Amino acid sequence: MDVLVSGSTGLVGTALGESLERDGHRVRRLRRGSATGGDVAWDPARGEIDAGSLEGLDAVVHLAGEGIGEHRWTDAQKRAIRDSRVQGTALLARALAGRSRRPAVLVSGSAVGYYGKDRGDEVLTEESGPGSDFLAEVCVAWETATAPASDAGIRVACVRSGVVVSGRGGTLPKMLRPFRLGLGGKQGPGTQYMSWISIDDEVGAIRHLIDDGSLSGAVNLTAPSPVTNAEFAATLGRVLHRPTVLPTPLLALRAVYGRELVDTLLLGSQRVVPAKLTAGAYAFAHPDLETALRAAIG
């Protein structure tokens, strides 16, 4: 296949590109500025894309977007988070819709933040409604921006990803140092649910969506066994053979990143299950957290 990937230098995009290329597929990357070697140039902030280079693709995986956890959520940072997703997705969807030889499928990023931060222990499937906080509103607009592609007959799957468990980037490496020192523990009450997925299953599920023509719309990319924050901490401690009795000092994190970011990302609760993947017979490589953590760390 000829597959275009945006966000190709990120954690998931890098792993996906490597997986596709190992199996002999051609991976083309959507890049800001000039592009060479079959890659495609774009500038989503300026609404520019080399649309002619999109002709004849087999599949597109769109993962680009400003990181949500790196900086305090000022008004400017919130605009960057939203605009990088919504404007970029709309630009790409319109460009793909305008091709005479369109790709069969667009797999476009989203997140479990769609469901909102205050869902408690409610079991959430793809049929569950959205939340009303900042990230939920971003995800709703992000998914809606794919409409030009689906209206043009392209099969669109919006992947609502959970916390990706990987030793190469994302959340886990930031947690390892305090946990290895015996200073790790639950965040806040620990009763809030964390919906997670291993990097192998994140990549595997995206490839499953490319191949399975019956799957479209919202698709939860999470493991079938979400855990509470306290369970996550205890499992990581067990894998590392370290105690997990000290809670994370949230005051220090709030001082650096702001209350809204910390409370949303660390204290929000989303108990998300992958109903469509399970019904579509996707076989998880790491269905439980301990095997995922051992694979990521080991």
# chains A, B, ... in the order shown; residues from 1 in each chain; ligands from 1
>>> select_by_dssp(residues="segment 47-269 of chain A", states="alpha helix (DSSP H)", output="NGL selection string")
:A and (75-97 or 134-144 or 147-151 or 171-180 or 199-211 or 229-240 or 250-257 or 259-267)
>>> residues_around(residues="segment 126-139 of chain A", least_positions_apart="3", cutoff="6 Å", atoms="only C-alpha atoms", output="short mmCIF file (atom, residue, chain, number, x, y, z; two decimals) with N, CA and C atoms, in the first residue's frame")
data_model
loop_
_atom_site.label_atom_id
_atom_site.label_comp_id
_atom_site.auth_asym_id
_atom_site.auth_seq_id
_atom_site.Cartn_x
_atom_site.Cartn_y
_atom_site.Cartn_z
N ARG A 82 -6.39 23.43 19.85
CA ARG A 82 -7.61 23.25 19.05
C ARG A 82 -7.34 23.47 17.56
N SER A 110 -8.20 11.19 17.40
CA SER A 110 -9.07 11.80 18.40
C SER A 110 -8.57 11.25 19.73
N GLY A 113 -10.57 11.85 25.60
CA GLY A 113 -11.02 13.12 26.14
C GLY A 113 -12.37 13.54 25.59
N TYR A 114 -12.79 12.94 24.49
CA TYR A 114 -14.11 13.19 23.90
C TYR A 114 -15.22 13.02 24.95
N TYR A 115 -15.04 12.07 25.85
CA TYR A 115 -16.11 11.72 26.79
C TYR A 115 -16.17 12.65 28.00
N GLY A 116 -15.20 13.56 28.13
CA GLY A 116 -15.22 14.47 29.26
C GLY A 116 -14.51 13.88 30.47
N TRP A 142 -12.73 18.26 16.30
CA TRP A 142 -11.68 17.52 15.58
C TRP A 142 -12.31 16.43 14.71
#
>>> atom_distance(atom1="atom CA of Ser108 of chain A", atom2="atom CA of Arg94 of chain A")
13.5 Å
>>> closest_residue(among="A:Tyr193, A:Phe179, A:Tyr282, A:Tyr257", to="Gly162 of chain A", atoms="only C-alpha atoms")
A:Tyr193
>>> residues_around(residues="segment 65-79 of chain A", least_positions_apart="5", cutoff="8 Å", atoms="only C-alpha atoms", output="tab-separated table (two decimals) with N, CA and C atoms, in the first residue's frame")
chain	number	residue	atom	x	y	z
A	7	GLY	N	1.94	13.64	11.53
A	7	GLY	CA	2.41	13.38	12.88
A	7	GLY	C	3.40	12.23	12.91
A	84	SER	N	-4.58	23.39	15.78
A	84	SER	CA	-3.68	22.44	15.13
A	84	SER	C	-4.42	21.16	14.74
A	85	ARG	N	-5.46	20.83	15.49
A	85	ARG	CA	-6.24	19.64	15.18
A	85	ARG	C	-7.36	19.94	14.19
A	256	VAL	N	3.25	24.36	38.25
A	256	VAL	CA	3.98	24.42	36.98
A	256	VAL	C	3.02	24.45	35.79
A	257	TYR	N	2.02	23.56	35.80
A	257	TYR	CA	1.17	23.36	34.62
A	257	TYR	C	-0.22	23.97	34.74
A	258	GLY	N	-0.59	24.42	35.91
A	258	GLY	CA	-1.92	25.00	36.09
A	258	GLY	C	-2.93	23.96	36.53
A	260	GLU	N	-6.15	23.52	35.71
A	260	GLU	CA	-7.04	22.94	34.71
A	260	GLU	C	-6.39	21.76	34.01
A	261	LEU	N	-5.16	21.93	33.56
A	261	LEU	CA	-4.46	20.84	32.87
A	261	LEU	C	-4.29	19.65	33.79
A	265	LEU	N	-6.12	16.03	33.11
A	265	LEU	CA	-5.34	14.90	32.62
A	265	LEU	C	-5.05	13.85	33.70
>>> closest_residue(among="A:Thr171, A:Thr191, A:Ser216, A:Thr146", to="Gly120 of chain A", atoms="only C-alpha atoms")
A:Thr191
>>> closest_residue(among="A:Val123, A:Leu251, A:Ala97, A:Ala223", to="Ile197 of chain A", atoms="only C-alpha atoms")
A:Ala223
>>> atom_distance(atom1="atom CA of Gly184 of chain A", atom2="atom CA of Leu293 of chain A")
15.1 Å
>>> closest_residue(among="A:Gly182, A:Gly98, A:Pro103, A:Pro274", to="Leu240 of chain A", atoms="only C-alpha atoms")
A:Gly182
>>> select_by_dssp(residues="segment 13-100 of chain A", states="strand (DSSP E or B)", output="tab-separated table (two decimals) with N, CA and C atoms, in the first residue's frame")
chain	number	residue	atom	x	y	z
A	26	ARG	N	4.76	1.35	1.39
A	26	ARG	CA	5.42	2.64	1.19
A	26	ARG	C	4.78	3.67	2.10
A	27	VAL	N	5.58	4.28	2.95
A	27	VAL	CA	5.09	5.31	3.87
A	27	VAL	C	5.55	6.67	3.38
A	28	ARG	N	4.58	7.53	3.13
A	28	ARG	CA	4.87	8.92	2.78
A	28	ARG	C	4.44	9.79	3.95
A	29	ARG	N	5.19	10.82	4.22
A	29	ARG	CA	4.97	11.62	5.42
A	29	ARG	C	4.53	13.04	5.05
A	30	LEU	N	3.54	13.52	5.79
A	30	LEU	CA	3.05	14.89	5.63
A	30	LEU	C	3.92	15.78	6.49
A	31	ARG	N	4.65	16.71	5.86
A	31	ARG	CA	5.66	17.50	6.57
A	31	ARG	C	5.44	18.99	6.36
A	32	ARG	N	5.73	19.75	7.40
A	32	ARG	CA	5.74	21.20	7.25
A	32	ARG	C	6.97	21.63	6.47
A	40	VAL	N	4.93	14.75	1.46
A	40	VAL	CA	3.98	15.77	1.04
A	40	VAL	C	4.12	16.99	1.95
A	41	ALA	N	4.23	18.17	1.34
A	41	ALA	CA	4.40	19.41	2.11
A	41	ALA	C	3.04	20.00	2.46
A	42	TRP	N	2.97	20.58	3.68
A	42	TRP	CA	1.77	21.32	4.05
A	42	TRP	C	2.11	22.34	5.12
A	43	ASP	N	1.23	23.30	5.26
A	43	ASP	CA	1.32	24.30	6.33
A	43	ASP	C	-0.10	24.54	6.80
A	48	GLU	N	-2.30	25.64	3.64
A	48	GLU	CA	-1.61	25.25	2.41
A	48	GLU	C	-1.24	23.76	2.46
A	49	ILE	N	-1.45	23.08	1.34
A	49	ILE	CA	-1.08	21.68	1.22
A	49	ILE	C	-0.81	21.37	-0.24
A	59	ALA	N	-4.24	4.81	1.63
A	59	ALA	CA	-4.74	5.10	2.97
A	59	ALA	C	-4.03	6.32	3.52
A	60	VAL	N	-4.71	7.03	4.42
A	60	VAL	CA	-4.13	8.19	5.11
A	60	VAL	C	-4.36	8.01	6.60
A	61	VAL	N	-3.31	8.21	7.38
A	61	VAL	CA	-3.43	8.19	8.85
A	61	VAL	C	-3.00	9.56	9.35
A	62	HIS	N	-3.93	10.27	9.96
A	62	HIS	CA	-3.71	11.66	10.37
A	62	HIS	C	-3.60	11.75	11.88
>>> residues_around(residues="Ser8 of chain A", least_positions_apart="4", cutoff="8 Å", atoms="only C-alpha atoms", output="list in words")
Val12, Gly13, Thr14, Gly17, Arg29, Leu30, Leu63 and Ala64 of chain A
>>> atom_distance(atom1="atom CA of Asp212 of chain A", atom2="atom CA of Gly153 of chain A")
15.9 Å
>>> residues_around(residues="Thr235 of chain A", least_positions_apart="6", cutoff="12 Å", atoms="only C-alpha atoms", output="ChimeraX atom specification")
/A:179,184-186,227-229,241-244,288-294
>>> write_last_selection(atoms="N, CA and C atoms", output="PDB file, in the first residue's frame")
ATOM      1  N   PHE A 179       9.044   6.360  40.256  1.00  0.00           N
ATOM      2  CA  PHE A 179       8.648   5.004  40.650  1.00  0.00           C
ATOM      3  C   PHE A 179       9.870   4.136  40.922  1.00  0.00           C
ATOM      4  N   GLY A 184       6.906   6.731  43.732  1.00  0.00           N
ATOM      5  CA  GLY A 184       5.703   6.793  42.908  1.00  0.00           C
ATOM      6  C   GLY A 184       4.471   6.329  43.661  1.00  0.00           C
ATOM      7  N   GLY A 185       3.335   6.786  43.209  1.00  0.00           N
ATOM      8  CA  GLY A 185       2.080   6.373  43.833  1.00  0.00           C
ATOM      9  C   GLY A 185       0.891   6.912  43.083  1.00  0.00           C
ATOM     10  N   LYS A 186      -0.270   6.758  43.653  1.00  0.00           N
ATOM     11  CA  LYS A 186      -1.500   7.189  42.999  1.00  0.00           C
ATOM     12  C   LYS A 186      -1.540   8.709  42.902  1.00  0.00           C
ATOM     13  N   VAL A 227      -8.224   0.597  34.039  1.00  0.00           N
ATOM     14  CA  VAL A 227      -7.919   0.419  35.459  1.00  0.00           C
ATOM     15  C   VAL A 227      -8.059   1.751  36.173  1.00  0.00           C
ATOM     16  N   THR A 228      -8.201   1.700  37.493  1.00  0.00           N
ATOM     17  CA  THR A 228      -8.175   2.936  38.251  1.00  0.00           C
ATOM     18  C   THR A 228      -6.734   3.432  38.340  1.00  0.00           C
ATOM     19  N   ASN A 229      -6.587   4.682  38.684  1.00  0.00           N
ATOM     20  CA  ASN A 229      -5.260   5.257  38.831  1.00  0.00           C
ATOM     21  C   ASN A 229      -4.449   4.514  39.905  1.00  0.00           C
ATOM     22  N   HIS A 241       9.209  -3.702  41.127  1.00  0.00           N
ATOM     23  CA  HIS A 241       9.586  -4.175  42.461  1.00  0.00           C
ATOM     24  C   HIS A 241       9.874  -2.998  43.394  1.00  0.00           C
ATOM     25  N   ARG A 242       8.954  -2.030  43.392  1.00  0.00           N
ATOM     26  CA  ARG A 242       9.103  -0.853  44.224  1.00  0.00           C
ATOM     27  C   ARG A 242       7.786  -0.587  44.965  1.00  0.00           C
ATOM     28  N   PRO A 243       7.855   0.033  46.140  1.00  0.00           N
ATOM     29  CA  PRO A 243       6.623   0.390  46.859  1.00  0.00           C
ATOM     30  C   PRO A 243       5.907   1.551  46.168  1.00  0.00           C
ATOM     31  N   THR A 244       4.616   1.644  46.406  1.00  0.00           N
ATOM     32  CA  THR A 244       3.822   2.733  45.798  1.00  0.00           C
ATOM     33  C   THR A 244       2.907   3.344  46.850  1.00  0.00           C
ATOM     34  N   ASP A 288      -4.021  -6.873  29.125  1.00  0.00           N
ATOM     35  CA  ASP A 288      -3.972  -6.462  30.527  1.00  0.00           C
ATOM     36  C   ASP A 288      -2.751  -5.578  30.763  1.00  0.00           C
ATOM     37  N   LEU A 289      -2.836  -4.755  31.792  1.00  0.00           N
ATOM     38  CA  LEU A 289      -1.841  -3.713  32.015  1.00  0.00           C
ATOM     39  C   LEU A 289      -0.472  -4.283  32.352  1.00  0.00           C
ATOM     40  N   GLU A 290      -0.396  -5.311  33.143  1.00  0.00           N
ATOM     41  CA  GLU A 290       0.927  -5.813  33.567  1.00  0.00           C
ATOM     42  C   GLU A 290       1.750  -6.288  32.368  1.00  0.00           C
ATOM     43  N   THR A 291       1.124  -7.020  31.443  1.00  0.00           N
ATOM     44  CA  THR A 291       1.890  -7.465  30.273  1.00  0.00           C
ATOM     45  C   THR A 291       2.307  -6.286  29.408  1.00  0.00           C
ATOM     46  N   ALA A 292       1.449  -5.257  29.331  1.00  0.00           N
ATOM     47  CA  ALA A 292       1.802  -4.068  28.551  1.00  0.00           C
ATOM     48  C   ALA A 292       2.987  -3.339  29.174  1.00  0.00           C
ATOM     49  N   LEU A 293       2.980  -3.177  30.493  1.00  0.00           N
ATOM     50  CA  LEU A 293       4.076  -2.495  31.170  1.00  0.00           C
ATOM     51  C   LEU A 293       5.381  -3.292  31.067  1.00  0.00           C
ATOM     52  N   ARG A 294       5.295  -4.594  31.212  1.00  0.00           N
ATOM     53  CA  ARG A 294       6.507  -5.410  31.101  1.00  0.00           C
ATOM     54  C   ARG A 294       7.095  -5.328  29.699  1.00  0.00           C
TER      55      ARG A 294
END
>>> residues_around(residues="Gly188 of chain A", least_positions_apart="3", cutoff="8 Å", atoms="only C-alpha atoms", output="ChimeraX atom specification")
/A:247-248,250,266-267
>>> write_last_selection(atoms="C-alpha atoms", output="JSON list (two decimals), in the first residue's frame")
[["chain", "number", "residue", "atom", "x", "y", "z"],
["A", 247, "PRO", "CA", 0.83, 9.86, 46.47],
["A", 248, "THR", "CA", 1.91, 12.22, 43.69],
["A", 250, "LEU", "CA", -0.31, 17.57, 42.87],
["A", 266, "LEU", "CA", -4.54, 13.35, 36.00],
["A", 267, "LEU", "CA", -7.80, 13.42, 37.96]]
>>> residues_around(residues="Leu96 of chain A", least_positions_apart="6", cutoff="10 Å", atoms="only C-alpha atoms", output="list in words")
Ala51, Gly52, Leu54, Glu55, Gly56, Leu57, Val60, Ala90, Arg102, Pro103, Leu106, Pro148, Ala149, Ser150, Ala152 and Ile154 of chain A
>>> write_last_selection(atoms="C-alpha atoms", output="mmCIF file, in the first residue's frame")
data_model
loop_
_atom_site.group_PDB
_atom_site.id
_atom_site.type_symbol
_atom_site.label_atom_id
_atom_site.label_comp_id
_atom_site.auth_asym_id
_atom_site.auth_seq_id
_atom_site.Cartn_x
_atom_site.Cartn_y
_atom_site.Cartn_z
ATOM 1 C CA ALA A 51 -2.888 18.578 -2.910
ATOM 2 C CA GLY A 52 -1.593 17.126 -6.163
ATOM 3 C CA LEU A 54 -2.311 13.217 -2.547
ATOM 4 C CA GLU A 55 -3.514 11.601 -5.758
ATOM 5 C CA GLY A 56 -3.696 7.812 -5.734
ATOM 6 C CA LEU A 57 -3.000 7.107 -2.055
ATOM 7 C CA VAL A 60 -4.126 8.187 5.109
ATOM 8 C CA ALA A 90 -10.307 20.138 7.775
ATOM 9 C CA ARG A 102 -9.112 9.206 -3.434
ATOM 10 C CA PRO A 103 -7.780 6.935 -0.688
ATOM 11 C CA LEU A 106 -8.779 8.071 6.393
ATOM 12 C CA PRO A 148 -15.511 16.587 3.760
ATOM 13 C CA ALA A 149 -13.709 13.255 3.398
ATOM 14 C CA SER A 150 -16.652 11.111 4.456
ATOM 15 C CA ALA A 152 -16.792 12.401 -0.664
ATOM 16 C CA ILE A 154 -13.898 8.053 1.833
#
